[in-house]
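Below: one structure, written as structure tokens.
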Amino acid sequence: MTDGRTRRVFVEMLREEWRLHSHLFSGRRFSVFPVLIALLVAGTVELLVRTGTEFSTVFAGLHALALVFGIQTGSIGFIGRDALRNLLGDLTLLLFSARTLPLSQTRLLAVFVVKDVVYYACLFLLPIALGVTPALLGGSAGSAGSLVATIPLLWGTLTGMFVLGIGLTIGGVGLTNRGMSGFVALAVLVVLSWVAWLGNLPVIAFTPYGVFLSPTPVRVGGALGLIGVVFVFGTVTYDVNTRRDARTARSTFRQWQRRIRDPLATKTLLDIHRSSGGFGKVLFSAAILLGVSGSLIDLAGQITGVSPSVGVSFGAILGLTGFTTYNWLTQFDDVDSYLSQPLDVPAIFHAKFRAFLLLGPLVGTFFYGVALLWRGAPVRDALVGAVLLVGVSCYIFGVTVYLTGLSPNEFLFDTALFVVFGVAMSVALVPILVVGFALAPLSLLAAGALGIGGIALGVIGVGLYRRALPKWTNHHRR
């Protein structure tokens, strides 16, 4: 970056990224978040290798996580513009200001990507790589190589997978913005990639993960070439100034209100319905969790050598859809947006609760049915799993409301909230999953105990929600 203007924009973007996160997540607590990541990775990796998981499997999982993280980061940075426009109207954000700054659109896009890579490589990916150190020092890595060689290589290839994920997002968003032809092209590329994977073509060998497995010059060149091709394709297809066609919606508020009987809950659901993606984004979030659930259950079965209860395992894990659903329900407003209305704070939370009860368990139950059709389960296990799904979903709702109010995204980088939330989830989910593994298929006694436990979790969640009302009322009054 020899151009002074380019360097200045990069520095300001990087500084603003840090300022935004540290301001939103209480400065000091945010600064120790990388330490928490390193500790979590260290504990998880040590637990996995001690229970018989091959270290190669652990490394593969870390690289997959980096790829997904890159895709998610890219989607937040680029697709998030549409959400901001829905909320605040037209804005001149730094990334989308090529018309007013003496920099080209391509250069601004490149600076934005480099900023994300530098920032998150240091904030997240370096702690992940360092978190593997205890297992390497303990000799668990086997032939993974020496500590001095492995950690820098791991950090570099994790960063490469992260960069690849961002590039895939840019290309995908660029294609979808080009209408039906773009969607068709994207579908063709996905199908071709899947066919190559099923055909055992050496696709992985020429990715950053392939470089980690064998850092030969050919593989390094192939990985760099793949990333370069992806970004060239993304640069050609992506246009930051693309504007979606104006959308109109007929007035359905009164029709929905007659059925829901709560104007605020009706507004919340209509906000989701009329936003980009509609209810499809809620279903998409749950579908991702379904796929992750299947992978985790299979991995745990391979580690323990025990076939888990499908109903209990999927029911408990899919209860986590309660968090993603509540996140979408609070995505489009906050208490401040209601200050001009004759409403009190509890009324706003009551509306979110009613909307959650209408949407959350329904979405979770739908994908739970998909899981049962996919894996199959005895009737007793299936019924217990359904009870657990609703109970865990309500429990997570209560915990989230109590800790964050209408701002569940604060879990993202707030170290203290993240730890408390993680402990609360572990206390509830770990015993259920252990019983689901240890006592499968369920006896009548075990099924009854888990069913009562699921009901108890739901009651606790509702209790936490009620305790949260005076807490957040006092907070917003101050």
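To be explicit about the labels: the chains of the structure tokens are called A, B, and onward in the order shown, and within each one the residues are counted from 1, while ligands get numbers from 1 in the order they are shown.
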
Find the residues near Gly131 of chain A: any atom within 12 Å, counting only C-alpha atoms, skip ones fewer than 6 places away on the same chain, and give them as a PDB file with all heavy atoms, in the first residue's frame.
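As a result, around.pdb now contains:
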ATOM      1  N   PRO A  34      -9.718 -12.630  23.192  1.00  0.00           N
ATOM      2  CA  PRO A  34      -8.786 -13.595  22.587  1.00  0.00           C
ATOM      3  C   PRO A  34      -8.233 -14.604  23.583  1.00  0.00           C
ATOM      4  O   PRO A  34      -8.007 -15.768  23.236  1.00  0.00           O
ATOM      5  CB  PRO A  34      -7.673 -12.699  22.028  1.00  0.00           C
ATOM      6  CG  PRO A  34      -8.329 -11.384  21.792  1.00  0.00           C
ATOM      7  CD  PRO A  34      -9.333 -11.242  22.900  1.00  0.00           C
ATOM      8  N   VAL A  35      -8.023 -14.169  24.832  1.00  0.00           N
ATOM      9  CA  VAL A  35      -7.544 -15.102  25.865  1.00  0.00           C
ATOM     10  C   VAL A  35      -8.588 -16.183  26.113  1.00  0.00           C
ATOM     11  O   VAL A  35      -8.266 -17.379  26.254  1.00  0.00           O
ATOM     12  CB  VAL A  35      -7.221 -14.341  27.166  1.00  0.00           C
ATOM     13  CG1 VAL A  35      -6.769 -15.306  28.256  1.00  0.00           C
ATOM     14  CG2 VAL A  35      -6.162 -13.284  26.904  1.00  0.00           C
ATOM     15  N   LEU A  36      -9.853 -15.785  26.172  1.00  0.00           N
ATOM     16  CA  LEU A  36     -10.922 -16.755  26.374  1.00  0.00           C
ATOM     17  C   LEU A  36     -10.971 -17.759  25.224  1.00  0.00           C
ATOM     18  O   LEU A  36     -11.145 -18.968  25.436  1.00  0.00           O
ATOM     19  CB  LEU A  36     -12.258 -16.023  26.498  1.00  0.00           C
ATOM     20  CG  LEU A  36     -13.494 -16.911  26.614  1.00  0.00           C
ATOM     21  CD1 LEU A  36     -13.442 -17.738  27.891  1.00  0.00           C
ATOM     22  CD2 LEU A  36     -14.768 -16.069  26.566  1.00  0.00           C
ATOM     23  N   ILE A  37     -10.807 -17.269  24.001  1.00  0.00           N
ATOM     24  CA  ILE A  37     -10.813 -18.172  22.843  1.00  0.00           C
ATOM     25  C   ILE A  37      -9.686 -19.197  22.955  1.00  0.00           C
ATOM     26  O   ILE A  37      -9.893 -20.398  22.739  1.00  0.00           O
ATOM     27  CB  ILE A  37     -10.672 -17.363  21.544  1.00  0.00           C
ATOM     28  CG1 ILE A  37     -11.905 -16.502  21.320  1.00  0.00           C
ATOM     29  CG2 ILE A  37     -10.452 -18.291  20.357  1.00  0.00           C
ATOM     30  CD1 ILE A  37     -11.795 -15.593  20.125  1.00  0.00           C
ATOM     31  N   ALA A  38      -8.487 -18.737  23.290  1.00  0.00           N
ATOM     32  CA  ALA A  38      -7.351 -19.653  23.420  1.00  0.00           C
ATOM     33  C   ALA A  38      -7.613 -20.703  24.490  1.00  0.00           C
ATOM     34  O   ALA A  38      -7.310 -21.895  24.296  1.00  0.00           O
ATOM     35  CB  ALA A  38      -6.081 -18.862  23.736  1.00  0.00           C
ATOM     36  N   LEU A  39      -8.185 -20.300  25.616  1.00  0.00           N
ATOM     37  CA  LEU A  39      -8.471 -21.250  26.695  1.00  0.00           C
ATOM     38  C   LEU A  39      -9.537 -22.263  26.278  1.00  0.00           C
ATOM     39  O   LEU A  39      -9.425 -23.459  26.574  1.00  0.00           O
ATOM     40  CB  LEU A  39      -8.922 -20.493  27.944  1.00  0.00           C
ATOM     41  CG  LEU A  39      -7.855 -19.625  28.623  1.00  0.00           C
ATOM     42  CD1 LEU A  39      -8.465 -18.846  29.788  1.00  0.00           C
ATOM     43  CD2 LEU A  39      -6.686 -20.476  29.111  1.00  0.00           C
ATOM     44  N   LEU A  40     -10.582 -21.791  25.596  1.00  0.00           N
ATOM     45  CA  LEU A  40     -11.638 -22.702  25.146  1.00  0.00           C
ATOM     46  C   LEU A  40     -11.098 -23.711  24.138  1.00  0.00           C
ATOM     47  O   LEU A  40     -11.413 -24.906  24.209  1.00  0.00           O
ATOM     48  CB  LEU A  40     -12.785 -21.896  24.526  1.00  0.00           C
ATOM     49  CG  LEU A  40     -13.653 -21.089  25.490  1.00  0.00           C
ATOM     50  CD1 LEU A  40     -14.668 -20.257  24.718  1.00  0.00           C
ATOM     51  CD2 LEU A  40     -14.368 -22.004  26.477  1.00  0.00           C
ATOM     52  N   VAL A  41     -10.293 -23.238  23.197  1.00  0.00           N
ATOM     53  CA  VAL A  41      -9.713 -24.149  22.201  1.00  0.00           C
ATOM     54  C   VAL A  41      -8.780 -25.151  22.874  1.00  0.00           C
ATOM     55  O   VAL A  41      -8.810 -26.353  22.571  1.00  0.00           O
ATOM     56  CB  VAL A  41      -8.967 -23.354  21.119  1.00  0.00           C
ATOM     57  CG1 VAL A  41      -8.181 -24.292  20.201  1.00  0.00           C
ATOM     58  CG2 VAL A  41      -9.947 -22.522  20.302  1.00  0.00           C
ATOM     59  N   ALA A  42      -7.963 -24.671  23.811  1.00  0.00           N
ATOM     60  CA  ALA A  42      -7.038 -25.568  24.502  1.00  0.00           C
ATOM     61  C   ALA A  42      -7.795 -26.664  25.243  1.00  0.00           C
ATOM     62  O   ALA A  42      -7.440 -27.852  25.160  1.00  0.00           O
ATOM     63  CB  ALA A  42      -6.171 -24.765  25.477  1.00  0.00           C
ATOM     64  N   GLY A  43      -8.847 -26.284  25.975  1.00  0.00           N
ATOM     65  CA  GLY A  43      -9.617 -27.282  26.711  1.00  0.00           C
ATOM     66  C   GLY A  43     -10.327 -28.251  25.796  1.00  0.00           C
ATOM     67  O   GLY A  43     -10.343 -29.469  26.049  1.00  0.00           O
ATOM     68  N   THR A  44     -10.901 -27.746  24.710  1.00  0.00           N
ATOM     69  CA  THR A  44     -11.634 -28.614  23.784  1.00  0.00           C
ATOM     70  C   THR A  44     -10.704 -29.589  23.082  1.00  0.00           C
ATOM     71  O   THR A  44     -10.997 -30.789  22.974  1.00  0.00           O
ATOM     72  CB  THR A  44     -12.377 -27.751  22.746  1.00  0.00           C
ATOM     73  OG1 THR A  44     -13.256 -26.842  23.413  1.00  0.00           O
ATOM     74  CG2 THR A  44     -13.177 -28.628  21.806  1.00  0.00           C
ATOM     75  N   VAL A  45      -9.564 -29.087  22.596  1.00  0.00           N
ATOM     76  CA  VAL A  45      -8.617 -29.958  21.885  1.00  0.00           C
ATOM     77  C   VAL A  45      -8.060 -31.027  22.821  1.00  0.00           C
ATOM     78  O   VAL A  45      -7.967 -32.212  22.460  1.00  0.00           O
ATOM     79  CB  VAL A  45      -7.471 -29.127  21.277  1.00  0.00           C
ATOM     80  CG1 VAL A  45      -6.371 -30.031  20.739  1.00  0.00           C
ATOM     81  CG2 VAL A  45      -8.006 -28.228  20.168  1.00  0.00           C
ATOM     82  N   GLU A  46      -7.722 -30.640  24.041  1.00  0.00           N
ATOM     83  CA  GLU A  46      -7.188 -31.612  24.992  1.00  0.00           C
ATOM     84  C   GLU A  46      -8.225 -32.685  25.313  1.00  0.00           C
ATOM     85  O   GLU A  46      -7.907 -33.882  25.409  1.00  0.00           O
ATOM     86  CB  GLU A  46      -6.756 -30.887  26.272  1.00  0.00           C
ATOM     87  CG  GLU A  46      -5.937 -31.751  27.220  1.00  0.00           C
ATOM     88  CD  GLU A  46      -4.599 -32.149  26.640  1.00  0.00           C
ATOM     89  OE1 GLU A  46      -4.048 -31.390  25.815  1.00  0.00           O
ATOM     90  OE2 GLU A  46      -4.105 -33.242  27.003  1.00  0.00           O
ATOM     91  N   VAL A  58      -9.001 -33.125  14.491  1.00  0.00           N
ATOM     92  CA  VAL A  58      -9.073 -31.835  15.177  1.00  0.00           C
ATOM     93  C   VAL A  58      -8.638 -30.711  14.242  1.00  0.00           C
ATOM     94  O   VAL A  58      -9.301 -29.664  14.138  1.00  0.00           O
ATOM     95  CB  VAL A  58      -8.209 -31.846  16.444  1.00  0.00           C
ATOM     96  CG1 VAL A  58      -8.161 -30.461  17.079  1.00  0.00           C
ATOM     97  CG2 VAL A  58      -8.743 -32.873  17.445  1.00  0.00           C
ATOM     98  N   PHE A  59      -7.517 -30.902  13.550  1.00  0.00           N
ATOM     99  CA  PHE A  59      -7.035 -29.876  12.633  1.00  0.00           C
ATOM    100  C   PHE A  59      -8.024 -29.630  11.495  1.00  0.00           C
ATOM    101  O   PHE A  59      -8.237 -28.486  11.072  1.00  0.00           O
ATOM    102  CB  PHE A  59      -5.672 -30.267  12.063  1.00  0.00           C
ATOM    103  CG  PHE A  59      -4.536 -30.055  13.019  1.00  0.00           C
ATOM    104  CD1 PHE A  59      -3.575 -31.038  13.216  1.00  0.00           C
ATOM    105  CD2 PHE A  59      -4.421 -28.872  13.732  1.00  0.00           C
ATOM    106  CE1 PHE A  59      -2.524 -30.835  14.094  1.00  0.00           C
ATOM    107  CE2 PHE A  59      -3.373 -28.660  14.606  1.00  0.00           C
ATOM    108  CZ  PHE A  59      -2.422 -29.649  14.790  1.00  0.00           C
ATOM    109  N   LEU A  62     -10.782 -27.440  12.819  1.00  0.00           N
ATOM    110  CA  LEU A  62     -10.375 -26.051  12.994  1.00  0.00           C
ATOM    111  C   LEU A  62     -10.358 -25.311  11.652  1.00  0.00           C
ATOM    112  O   LEU A  62     -10.773 -24.143  11.569  1.00  0.00           O
ATOM    113  CB  LEU A  62      -8.991 -25.984  13.635  1.00  0.00           C
ATOM    114  CG  LEU A  62      -8.903 -26.439  15.106  1.00  0.00           C
ATOM    115  CD1 LEU A  62      -7.455 -26.389  15.580  1.00  0.00           C
ATOM    116  CD2 LEU A  62      -9.783 -25.565  15.990  1.00  0.00           C
ATOM    117  N   PHE A 124      -8.885 -13.553  16.433  1.00  0.00           N
ATOM    118  CA  PHE A 124      -9.496 -14.869  16.581  1.00  0.00           C
ATOM    119  C   PHE A 124      -8.578 -16.015  16.172  1.00  0.00           C
ATOM    120  O   PHE A 124      -8.433 -16.993  16.911  1.00  0.00           O
ATOM    121  CB  PHE A 124     -10.780 -14.940  15.730  1.00  0.00           C
ATOM    122  CG  PHE A 124     -11.941 -14.226  16.333  1.00  0.00           C
ATOM    123  CD1 PHE A 124     -12.308 -12.988  15.862  1.00  0.00           C
ATOM    124  CD2 PHE A 124     -12.677 -14.778  17.366  1.00  0.00           C
ATOM    125  CE1 PHE A 124     -13.368 -12.309  16.410  1.00  0.00           C
ATOM    126  CE2 PHE A 124     -13.744 -14.118  17.919  1.00  0.00           C
ATOM    127  CZ  PHE A 124     -14.103 -12.875  17.444  1.00  0.00           C
ATOM    128  N   LEU A 125      -8.005 -15.906  14.983  1.00  0.00           N
ATOM    129  CA  LEU A 125      -7.303 -17.066  14.438  1.00  0.00           C
ATOM    130  C   LEU A 125      -5.986 -17.337  15.154  1.00  0.00           C
ATOM    131  O   LEU A 125      -5.613 -18.504  15.344  1.00  0.00           O
ATOM    132  CB  LEU A 125      -7.070 -16.862  12.935  1.00  0.00           C
ATOM    133  CG  LEU A 125      -8.359 -16.659  12.125  1.00  0.00           C
ATOM    134  CD1 LEU A 125      -8.027 -16.395  10.663  1.00  0.00           C
ATOM    135  CD2 LEU A 125      -9.270 -17.873  12.250  1.00  0.00           C
ATOM    136  N   LEU A 137       2.464 -29.796  23.232  1.00  0.00           N
ATOM    137  CA  LEU A 137       3.500 -29.984  24.262  1.00  0.00           C
ATOM    138  C   LEU A 137       3.339 -31.311  24.975  1.00  0.00           C
ATOM    139  O   LEU A 137       4.313 -31.920  25.402  1.00  0.00           O
ATOM    140  CB  LEU A 137       3.441 -28.838  25.275  1.00  0.00           C
ATOM    141  CG  LEU A 137       3.872 -27.457  24.763  1.00  0.00           C
ATOM    142  CD1 LEU A 137       3.651 -26.400  25.835  1.00  0.00           C
ATOM    143  CD2 LEU A 137       5.335 -27.490  24.339  1.00  0.00           C
ATOM    144  N   LEU A 147       6.450 -28.038  17.728  1.00  0.00           N
ATOM    145  CA  LEU A 147       5.638 -26.886  18.105  1.00  0.00           C
ATOM    146  C   LEU A 147       6.018 -25.658  17.300  1.00  0.00           C
ATOM    147  O   LEU A 147       5.158 -24.932  16.804  1.00  0.00           O
ATOM    148  CB  LEU A 147       5.809 -26.616  19.609  1.00  0.00           C
ATOM    149  CG  LEU A 147       5.056 -25.427  20.188  1.00  0.00           C
ATOM    150  CD1 LEU A 147       3.566 -25.642  20.080  1.00  0.00           C
ATOM    151  CD2 LEU A 147       5.461 -25.188  21.630  1.00  0.00           C
ATOM    152  N   ILE A 151       2.640 -24.332  14.877  1.00  0.00           N
ATOM    153  CA  ILE A 151       1.787 -23.199  15.240  1.00  0.00           C
ATOM    154  C   ILE A 151       1.781 -22.113  14.160  1.00  0.00           C
ATOM    155  O   ILE A 151       0.710 -21.676  13.720  1.00  0.00           O
ATOM    156  CB  ILE A 151       2.199 -22.618  16.605  1.00  0.00           C
ATOM    157  CG1 ILE A 151       2.019 -23.664  17.706  1.00  0.00           C
ATOM    158  CG2 ILE A 151       1.375 -21.376  16.923  1.00  0.00           C
ATOM    159  CD1 ILE A 151       0.604 -24.193  17.823  1.00  0.00           C
ATOM    160  N   LEU A 154      -0.112 -23.495  11.183  1.00  0.00           N
ATOM    161  CA  LEU A 154      -1.533 -23.574  11.462  1.00  0.00           C
ATOM    162  C   LEU A 154      -2.188 -22.196  11.378  1.00  0.00           C
ATOM    163  O   LEU A 154      -3.267 -22.036  10.793  1.00  0.00           O
ATOM    164  CB  LEU A 154      -1.759 -24.184  12.850  1.00  0.00           C
ATOM    165  CG  LEU A 154      -3.219 -24.296  13.321  1.00  0.00           C
ATOM    166  CD1 LEU A 154      -4.029 -25.183  12.381  1.00  0.00           C
ATOM    167  CD2 LEU A 154      -3.283 -24.847  14.746  1.00  0.00           C
ATOM    168  N   TRP A 155      -1.539 -21.199  11.955  1.00  0.00           N
ATOM    169  CA  TRP A 155      -2.095 -19.845  11.896  1.00  0.00           C
ATOM    170  C   TRP A 155      -2.203 -19.370  10.453  1.00  0.00           C
ATOM    171  O   TRP A 155      -3.212 -18.798  10.038  1.00  0.00           O
ATOM    172  CB  TRP A 155      -1.205 -18.894  12.706  1.00  0.00           C
ATOM    173  CG  TRP A 155      -1.735 -17.482  12.781  1.00  0.00           C
ATOM    174  CD1 TRP A 155      -3.040 -17.091  12.735  1.00  0.00           C
ATOM    175  CD2 TRP A 155      -0.959 -16.286  12.898  1.00  0.00           C
ATOM    176  NE1 TRP A 155      -3.134 -15.729  12.834  1.00  0.00           N
ATOM    177  CE2 TRP A 155      -1.876 -15.199  12.937  1.00  0.00           C
ATOM    178  CE3 TRP A 155       0.401 -16.023  12.999  1.00  0.00           C
ATOM    179  CZ2 TRP A 155      -1.455 -13.882  13.059  1.00  0.00           C
ATOM    180  CZ3 TRP A 155       0.816 -14.699  13.121  1.00  0.00           C
ATOM    181  CH2 TRP A 155      -0.095 -13.654  13.163  1.00  0.00           C
TER     182      TRP A 155
END

Item to check | helix (DSSP H, G or I) call set, DSSP backbone run, segment 405-466 of chain A, as a PyMOL selection string | outcome: chain A and resi 408-411+415-438+444-466

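The smallest atom-to-atom distance between Thr268 of chain A and any of A:His350, A:Leu48, A:Gln255, A:Met161, using only C-alpha atoms, is found for A:His350.
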
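Computed from the coordinates, the atom CA of Asp333 of chain A to atom CA of Asp271 of chain A distance equals 9.1 Å.
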
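The closest residue to Gln257 of chain A, picked from A:Leu270, A:Pro215, A:Gly138, A:Val203 and counting only C-alpha atoms, is A:Leu270.
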
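Residues surrounding segment 430-442 of chain A within 9 Å are Ala300, Gly301, Thr304, Val306, Ser307, Pro308, Ser309, Val310, Gly311, Val312, Ser313, Ala316, Ile317, Pro378, Arg380, Asp381, Leu388, Met425, Ser426, Ala446, Ala447, Leu450 and Gly453 of chain A [only C-alpha atoms; sequence separation below 4 positions excluded].
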
Output C-alpha atoms for every residue in the selection just made, as a compact mmCIF listing (two decimals), in the first residue's frame.
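What follows is the written file part_12.txt:
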# COMPACT_ATOMS: atom_id res chain seq x y z
CA ALA A 300 -19.39 -37.97 19.42
CA GLY A 301 -20.59 -41.43 18.42
CA THR A 304 -17.42 -42.91 22.40
CA VAL A 306 -21.89 -45.58 21.44
CA SER A 307 -24.93 -44.83 19.30
CA PRO A 308 -26.73 -41.92 20.95
CA SER A 309 -30.46 -41.43 21.33
CA VAL A 310 -31.46 -39.57 18.19
CA GLY A 311 -34.48 -37.97 19.86
CA VAL A 312 -32.63 -36.72 22.92
CA SER A 313 -29.53 -35.52 21.05
CA ALA A 316 -31.51 -30.85 23.00
CA ILE A 317 -29.22 -29.35 20.35
CA PRO A 378 -38.24 -44.99 18.71
CA ARG A 380 -40.51 -42.90 23.26
CA ASP A 381 -37.21 -41.21 22.36
CA LEU A 388 -36.61 -31.32 25.52
CA MET A 425 -25.90 -23.73 28.52
CA SER A 426 -23.44 -26.35 29.76
CA ALA A 446 -34.87 -42.44 31.93
CA ALA A 447 -37.46 -41.09 29.49
CA LEU A 450 -35.59 -36.41 30.87
CA GLY A 453 -36.05 -32.18 33.15

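Closest approach to Leu158 of chain A among A:His63, A:His273, A:Arg107, A:Lys267: A:His63, based on only C-alpha atoms.
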
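Taking atom CA of Pro202 of chain A as the reference point, atom CA of Leu296 of chain A is found at 25.2 Å.
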
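Taking atom CA of Gly160 of chain A as the reference point, atom CA of Pro208 of chain A is found at 5.5 Å.
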
Item to check | Long-range neighbours of Trp256 of chain A as number ranges by chain, 10 Å cut-off, only C-alpha atoms, 6 positions minimum in chain | outcome: A: 262-263, 265-267, 269-270
